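Data block for model-v1.txt (compact mmCIF, C-alpha atoms):
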# COMPACT_ATOMS: atom_id res chain seq x y z
CA MET A 1 -6.51 -30.79 -19.80
CA ALA A 2 -6.47 -28.89 -23.07
CA MET A 3 -4.65 -25.56 -23.30
CA VAL A 4 -6.86 -22.73 -22.03
CA ASN A 5 -6.59 -19.25 -23.49
CA LEU A 6 -6.76 -16.05 -21.46
CA ASP A 7 -10.26 -15.11 -22.62
CA ASP A 8 -11.68 -18.43 -21.43
CA MET A 9 -9.88 -18.26 -18.09
CA LEU A 10 -11.02 -14.69 -17.42
CA PHE A 11 -14.57 -15.63 -18.32
CA GLU A 12 -14.62 -18.54 -15.87
CA VAL A 13 -13.29 -16.48 -12.96
CA SER A 14 -15.59 -13.54 -13.74
CA SER A 15 -18.43 -15.38 -12.01
CA GLU A 16 -18.90 -14.51 -8.34
CA ILE A 17 -20.22 -18.00 -7.59
CA ARG A 18 -17.27 -19.73 -9.26
CA LEU A 19 -14.88 -17.50 -7.33
CA ARG A 20 -16.65 -18.36 -4.09
CA ILE A 21 -16.34 -22.06 -4.95
CA LEU A 22 -12.60 -21.66 -5.49
CA GLU A 23 -12.22 -19.74 -2.24
CA SER A 24 -14.14 -22.45 -0.39
CA LEU A 25 -12.11 -25.29 -1.92
CA LYS A 26 -8.93 -23.46 -0.98
CA ASN A 27 -9.83 -24.38 2.61
CA GLY A 28 -10.13 -28.09 1.78
CA PRO A 29 -11.98 -30.64 -0.39
CA ALA A 30 -15.77 -30.49 -0.63
CA THR A 31 -18.61 -32.12 -2.51
CA VAL A 32 -21.06 -30.39 -4.82
CA THR A 33 -23.68 -30.86 -2.11
CA ASP A 34 -21.45 -29.20 0.48
CA ILE A 35 -20.92 -26.15 -1.72
CA SER A 36 -24.57 -26.05 -2.77
CA ASN A 37 -25.58 -25.77 0.89
CA GLU A 38 -22.78 -23.36 1.78
CA LEU A 39 -23.55 -20.93 -1.05
CA ASP A 40 -27.32 -21.49 -0.95
CA VAL A 41 -27.59 -22.39 -4.63
CA SER A 42 -29.36 -25.33 -6.25
CA MET A 43 -27.55 -28.61 -6.91
CA THR A 44 -28.06 -28.06 -10.63
CA GLU A 45 -26.47 -24.62 -10.55
CA ALA A 46 -23.61 -25.78 -8.32
CA SER A 47 -22.92 -28.75 -10.63
CA ARG A 48 -22.80 -26.46 -13.66
CA HIS A 49 -20.24 -24.19 -12.01
CA PHE A 50 -18.15 -27.14 -10.82
CA ASN A 51 -18.07 -28.51 -14.37
CA ARG A 52 -16.88 -25.19 -15.80
CA LEU A 53 -14.09 -24.93 -13.22
CA TYR A 54 -13.11 -28.55 -13.88
CA GLN A 55 -12.95 -28.01 -17.65
CA VAL A 56 -10.35 -25.25 -17.33
CA GLY A 57 -8.31 -27.13 -14.72
CA LEU A 58 -9.01 -24.95 -11.72
CA ILE A 59 -10.43 -27.85 -9.69
CA LYS A 60 -10.03 -31.62 -9.79
CA LYS A 61 -12.26 -34.54 -8.86
CA ASN A 62 -10.95 -36.88 -6.15
CA PRO A 63 -11.48 -40.65 -5.85
CA ASP A 64 -13.87 -39.99 -2.94
CA ARG A 65 -16.06 -38.02 -5.38
CA ASP A 66 -15.37 -34.70 -3.74
CA TYR A 67 -13.37 -31.87 -5.34
CA SER A 68 -10.17 -29.98 -4.58
CA ILE A 69 -8.67 -26.82 -5.94
CA THR A 70 -5.66 -27.44 -8.18
CA ILE A 71 -2.29 -25.71 -8.03
CA LEU A 72 -3.37 -23.81 -11.13
CA GLY A 73 -6.54 -22.75 -9.30
CA LYS A 74 -4.55 -21.50 -6.32
CA THR A 75 -2.18 -19.62 -8.61
CA VAL A 76 -5.02 -17.94 -10.50
CA LEU A 77 -6.63 -16.86 -7.22
CA THR A 78 -3.40 -15.15 -6.09
CA GLN A 79 -3.29 -13.19 -9.34
CA LEU A 80 -6.87 -12.03 -9.02
CA GLY A 81 -6.26 -10.35 -5.66
CA PRO A 82 -4.62 -7.15 -7.01
CA LEU A 83 -7.25 -6.83 -9.74
CA GLU A 84 -10.06 -7.23 -7.21
CA PHE A 85 -8.56 -4.51 -4.98
CA ILE A 86 -8.10 -2.07 -7.85
CA THR A 87 -11.61 -2.78 -9.13
CA ARG A 88 -13.08 -2.22 -5.66
CA HIS A 89 -11.41 1.20 -5.60
CA SER A 90 -11.86 1.93 -9.31
CA ASP A 91 -13.09 5.48 -8.65
CA TYR A 92 -9.77 6.29 -7.01
CA PHE A 93 -7.50 4.48 -9.47
CA ASP A 94 -9.34 6.01 -12.40
CA SER A 95 -7.86 9.36 -11.37
CA HIS A 96 -4.71 8.39 -9.43
CA ASP A 97 -1.68 6.68 -10.94
CA ALA A 98 -0.19 3.79 -8.97
CA THR A 99 1.72 2.47 -12.01
CA ARG A 100 4.68 4.76 -11.37
CA MET A 101 5.95 2.50 -8.58
CA PRO A 102 7.70 -0.84 -9.30
CA VAL A 103 5.49 -3.62 -10.68
CA LYS A 104 6.54 -5.97 -7.86
CA PHE A 105 4.61 -3.77 -5.41
CA LEU A 106 1.68 -3.13 -7.73
CA ASN A 107 1.28 -6.90 -8.08
CA ARG A 108 0.81 -7.09 -4.30
CA ILE A 109 -1.40 -4.05 -3.90
CA ASN A 110 -4.21 -6.25 -2.58
CA GLU A 111 -2.20 -6.40 0.66
CA LEU A 112 -3.88 -3.03 1.28
CA ALA A 113 -7.25 -4.80 1.43
CA ASP A 114 -7.86 -3.77 5.05
CA ALA A 115 -6.75 -0.17 4.56
CA VAL A 116 -9.43 2.46 5.08
CA PRO A 117 -10.11 4.71 2.06
CA THR A 118 -9.86 8.43 2.79
CA TYR A 119 -10.30 9.51 -0.83
CA THR A 120 -14.01 10.02 -0.24
CA GLN A 121 -13.17 12.96 2.03
CA SER A 122 -12.27 16.50 1.02
CA ALA A 123 -8.58 17.16 0.44
CA ASN A 124 -6.93 19.18 3.21
CA ILE A 125 -3.16 19.64 3.13
CA MET A 126 -3.06 21.30 6.57
CA ARG A 127 -4.93 18.36 8.11
CA SER A 128 -2.47 16.01 6.41
CA VAL A 129 0.50 17.94 7.79
CA GLU A 130 -1.00 17.83 11.29
CA LYS A 131 -1.45 14.07 11.01
CA MET A 132 2.16 13.78 9.83
CA LYS A 133 3.34 15.62 12.91
CA ASN A 134 1.24 13.48 15.24
CA ILE A 135 2.30 10.16 13.78
CA SER A 136 5.97 11.10 14.03
CA LEU A 137 5.56 12.04 17.68
CA GLU A 138 3.71 8.79 18.39
CA ALA A 139 6.44 6.59 16.90
CA GLU A 140 7.96 4.03 19.26
CA GLU A 141 10.25 2.21 16.80
CA TYR A 142 10.44 4.22 13.58
CA TYR A 143 8.87 6.99 11.54
CA SER A 144 9.11 7.01 7.75
CA SER A 145 7.81 9.50 5.21
CA ILE A 146 7.90 10.27 1.49
CA LEU A 147 7.00 13.87 0.71
CA ASP A 148 6.07 15.81 -2.41
CA ASN A 149 7.02 19.40 -3.21
CA SER A 150 4.01 21.04 -1.56
CA SER A 151 4.31 19.20 1.73
CA MET A 152 8.08 19.71 1.66
CA ASN A 153 7.50 23.47 1.64
CA LEU A 154 5.29 23.22 4.71
CA VAL A 155 7.54 20.82 6.61
CA LEU A 156 11.09 21.73 5.59
CA TYR A 157 10.87 25.47 4.99
CA ALA A 158 8.41 26.34 7.76
CA GLU A 159 9.47 28.16 10.89
CA PRO A 160 10.82 25.69 13.48
CA ASP A 161 8.50 24.18 16.06
CA GLU A 162 10.85 23.99 19.01
CA GLU A 163 8.50 21.97 21.19
CA ARG A 164 8.16 19.30 18.50
CA ILE A 165 11.90 19.32 17.77
CA ASP A 166 12.63 18.71 21.45
CA VAL A 167 10.31 15.68 21.46
CA VAL A 168 11.95 14.33 18.29
CA LYS A 169 15.40 14.79 19.83
CA ASP A 170 14.36 12.77 22.87
CA LYS A 171 12.93 10.03 20.67
CA VAL A 172 16.04 9.90 18.49
CA LYS A 173 18.24 9.64 21.59
CA SER A 174 16.10 6.72 22.80
CA GLY A 175 16.81 4.83 19.56
CA ILE A 176 13.72 5.59 17.48
CA ARG A 177 14.63 5.95 13.81
CA PHE A 178 13.35 8.91 11.79
CA ARG A 179 13.71 8.81 8.00
CA ALA A 180 12.26 11.14 5.37
CA LEU A 181 12.55 11.18 1.58
CA PHE A 182 12.30 14.51 -0.24
CA PRO A 183 11.94 15.14 -3.97
CA MET A 184 14.79 16.65 -5.95
CA GLY A 185 14.95 20.43 -5.90
CA VAL A 186 15.43 20.96 -2.18
CA GLU A 187 16.90 24.40 -1.57
CA THR A 188 18.97 24.21 1.59
CA LYS A 189 19.23 28.02 1.76
CA LYS A 190 15.45 28.24 2.20
CA ILE A 191 15.53 26.13 5.37
CA PRO A 192 15.47 28.38 8.45
CA GLN A 193 18.95 28.41 9.99
CA GLU A 194 17.68 27.27 13.37
CA SER A 195 15.92 24.29 11.74
CA LEU A 196 19.00 23.48 9.69
CA ARG A 197 21.15 23.38 12.82
CA ASP A 198 18.63 21.08 14.50
CA PHE A 199 18.49 18.79 11.47
CA MET A 200 22.28 18.58 11.27
CA GLU A 201 22.51 17.81 14.99
CA LEU A 202 19.88 15.10 14.69
CA HIS A 203 21.50 13.74 11.55
CA ARG A 204 24.81 13.23 13.37
CA SER A 205 23.01 11.06 15.94
CA GLY A 206 22.64 8.26 13.37
CA ASN A 207 18.92 7.70 13.93
CA PHE A 208 17.69 10.71 11.97
CA GLU A 209 18.23 11.06 8.25
CA PHE A 210 16.88 12.93 5.24
CA ARG A 211 17.52 11.67 1.71
CA ILE A 212 16.59 12.72 -1.83
CA ILE A 213 14.68 10.74 -4.47
CA GLU A 214 14.42 11.53 -8.16
CA ARG A 215 10.63 11.75 -8.09
CA THR A 216 7.78 11.13 -5.68
CA ASP A 217 5.75 8.14 -6.92
CA LEU A 218 3.62 7.99 -3.79
CA PHE A 219 3.00 10.07 -0.71
CA LEU A 220 3.54 8.14 2.52
CA HIS A 221 3.62 8.81 6.24
CA MET A 222 3.81 5.97 8.71
CA ASN A 223 5.22 4.54 11.89
CA GLU A 224 5.34 0.96 13.12
CA LYS A 225 1.70 1.10 14.24
CA GLU A 226 -0.09 3.17 11.64
CA VAL A 227 -0.10 4.44 8.08
CA SER A 228 -1.58 7.92 8.47
CA LEU A 229 -1.64 8.55 4.73
CA LEU A 230 -0.80 6.61 1.59
CA ALA A 231 -1.65 8.47 -1.61
CA PHE A 232 -0.81 8.31 -5.31
CA PRO A 233 -0.43 11.23 -7.75
CA ASP A 234 -3.33 12.43 -9.86
CA MET A 235 -3.28 12.51 -13.65
CA ASN A 236 -1.33 15.80 -13.56
CA GLU A 237 1.37 14.17 -11.42
CA LYS A 238 0.28 16.24 -8.43
CA PHE A 239 -0.88 15.06 -5.01
CA ASP A 240 -4.29 15.87 -3.59
CA TYR A 241 -3.49 13.97 -0.36
CA LEU A 242 -6.37 11.56 -0.81
CA GLY A 243 -5.82 7.84 -0.52
CA PHE A 244 -5.76 5.37 2.35
CA GLU A 245 -4.93 5.03 6.03
CA ALA A 246 -4.42 1.82 7.99
CA THR A 247 -3.43 0.12 11.22
CA ASP A 248 -3.36 -3.50 10.02
CA ASP A 249 -0.10 -5.44 9.76
CA ARG A 250 -0.36 -6.32 6.05
CA THR A 251 -0.73 -2.71 4.94
CA ILE A 252 2.02 -1.53 7.29
CA ASN A 253 4.41 -4.24 6.05
CA TRP A 254 3.65 -3.44 2.40
CA CYS A 255 4.19 0.28 2.94
CA ASN A 256 7.39 -0.36 4.88
CA GLU A 257 8.78 -2.47 2.04
CA VAL A 258 7.84 0.21 -0.48
CA PHE A 259 9.53 2.89 1.62
CA ASN A 260 12.69 0.80 1.98
CA HIS A 261 12.81 0.32 -1.80
CA TYR A 262 12.88 4.06 -2.39
CA TRP A 263 15.25 4.60 0.51
CA ASN A 264 17.74 2.18 -1.03
CA ILE A 265 17.79 4.10 -4.33
CA SER A 266 17.90 7.57 -2.75
CA GLU A 267 20.80 10.00 -2.43
CA PRO A 268 22.20 11.85 0.59
CA PHE A 269 20.47 15.07 1.62
CA PHE A 270 23.45 16.68 3.39

Please go through the file and, once you have read it, give me the structure as structure tokens.
Amino acid sequence: MAMVNLDDMLFEVSSEIRLRILESLKNGPATVTDISNELDVSMTEASRHFNRLYQVGLIKKNPDRDYSITILGKTVLTQLGPLEFITRHSDYFDSHDATRMPVKFLNRINELADAVPTYTQSANIMRSVEKMKNISLEAEEYYSSILDNSSMNLVLYAEPDEERIDVVKDKVKSGIRFRALFPMGVETKKIPQESLRDFMELHRSGNFEFRIIERTDLFLHMNEKEVSLLAFPDMNEKFDYLGFEATDDRTINWCNEVFNHYWNISEPFF
């Protein structure tokens, strides 16, 4: 196979039919007739697409006269996933910056494919805070959050909610881990003294910890069962609390890995 340049490769995979052929062949070898019937296209059209994919090395012809996807074809498909996800949500990513987080996570952003977009709704910080409270109280293994300055004011500096604190204390004692990341600029003196005492008591338990990060690249609230909100900053580096929510394992695992990355580079709160 001759060397293929990027323009040619992008052109070949820009066809929906050729992409569907690659996806089908990823499941096993097939003939042109098989794919023609599966995709409901003519034999002539199917043959033309097969030939184009063959010319750039994305598929190969087998001795039995059927075709298989090549290793190159599989590799190209994996790289198209993130682009497809971002394109599908282009309205959101045109006004929200996901590039602030490490590239290794951006390259896997298609793992959010089953997440439900909430960016079509109206922004409501109070609703977001209420969801944050609920998801923390529903945690059975862990609760993790990354806050921005506005939500920090509502959560950290607000008057204590004794009923909620009592529930959190019981959960922490039972072994559930609570972790929260706050942006730099936390003013400990602004935290109500009663809340500060509760936080310090919980912190000493070992299952409750606040830490500080240099900047908030994404807004995240989750437990082991649900991501209640994943959001990226707007073009002014502010959060409008619009983004995605999810209950599927792939999104939860991706978000958990992202959280752990920032946790590992954070600094002590107390």

Spatial neighbours of region 45-60 of chain A, max dist 10 Å, only C-alpha atoms, sep filter under 4 positions, as JSON, numbers by chain:
{"A": [1, 2, 3, 4, 5, 8, 9, 12, 13, 15, 17, 18, 19, 21, 22, 25, 26, 29, 31, 32, 33, 34, 35, 36, 37, 39, 40, 41, 65, 66, 67, 68, 69, 70, 71, 72, 73, 74, 75, 76, 77]}

Work out how far CA of Gln79 (chain A) is from CA of Gly28 (chain A), in Å to one decimal.
19.8 Å

For Phe232 (chain A): contacts at 10 Å, only C-alpha atoms, fewer than 2 positions along chain excluded, given as a list in words
Tyr92, Phe93, Ser95, His96, Asp97, Ala98, Thr99, Arg100, Met101, Thr216, Asp217, Leu218, Phe219, Leu220, Leu230, Asp234, Met235, Glu237, Lys238, Phe239, Asp240, Tyr241, Leu242, Gly243 and Phe244 of chain A

Using 7 Å as the limit and counting all atoms listed in the file, can you tabulate each residue of region 163-236 of chain A that touches region 126-148 of chain A, with its shortest atom-to-atom distance in Å and the two atoms involved, as a tab-separated table?
residue	atom	partner	partner_atom	distance
A:Val168	CA	A:Leu137	CA	6.8
A:Ile176	CA	A:Glu141	CA	4.9
A:Arg177	CA	A:Tyr142	CA	4.5
A:Phe178	CA	A:Tyr143	CA	4.9
A:Arg179	CA	A:Ser144	CA	4.9
A:Ala180	CA	A:Ser145	CA	4.7
A:Leu181	CA	A:Ile146	CA	4.7
A:Phe182	CA	A:Leu147	CA	5.4
A:Pro183	CA	A:Asp148	CA	6.1
A:Thr216	CA	A:Asp148	CA	6.0
A:Phe219	CA	A:Ile146	CA	5.4
A:Leu220	CA	A:Ile146	CA	5.0
A:His221	CA	A:Ser145	CA	4.4
A:Met222	CA	A:Ser144	CA	5.5
A:Asn223	CA	A:Tyr143	CA	4.4
A:Glu224	CA	A:Tyr142	CA	6.1
A:Ser228	CA	A:Lys131	CA	6.7

One number please: CA of Lys104 (chain A) to CA of Val258 (chain A), in Å, one decimal.
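Atom-to-atom, CA of Lys104 (chain A) and CA of Val258 (chain A) are spaced 9.7 Å apart.
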
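For the atom pair formed by CA of Val116 (chain A) and CA of Glu245 (chain A), the distance is 5.3 Å, given to one decimal.
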
For Arg20 (chain A), the nearest of the candidates A:Asp166, A:Glu111, A:Glu194, A:Glu38, counting only C-alpha atoms
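Selected residue with least distance to Arg20 (chain A): A:Glu38.
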
Option closest in space to Cys255 (chain A), from A:Phe269, A:Tyr157, A:Phe210, A:Phe105 [counting all atoms listed in the file]
A:Phe105

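Proximity to Thr87 (chain A) was assessed for A:Met152, A:Val103, A:Ala113, A:Val167 counting only C-alpha atoms; the smallest distance is recorded for A:Ala113.
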
Hey, what's within 9 Å of Ser205 (chain A) if we count all atoms listed in the file and toss same-chain stuff fewer than 5 positions away? As a PyMOL selection string, please?
chain A and resi 172-173+200
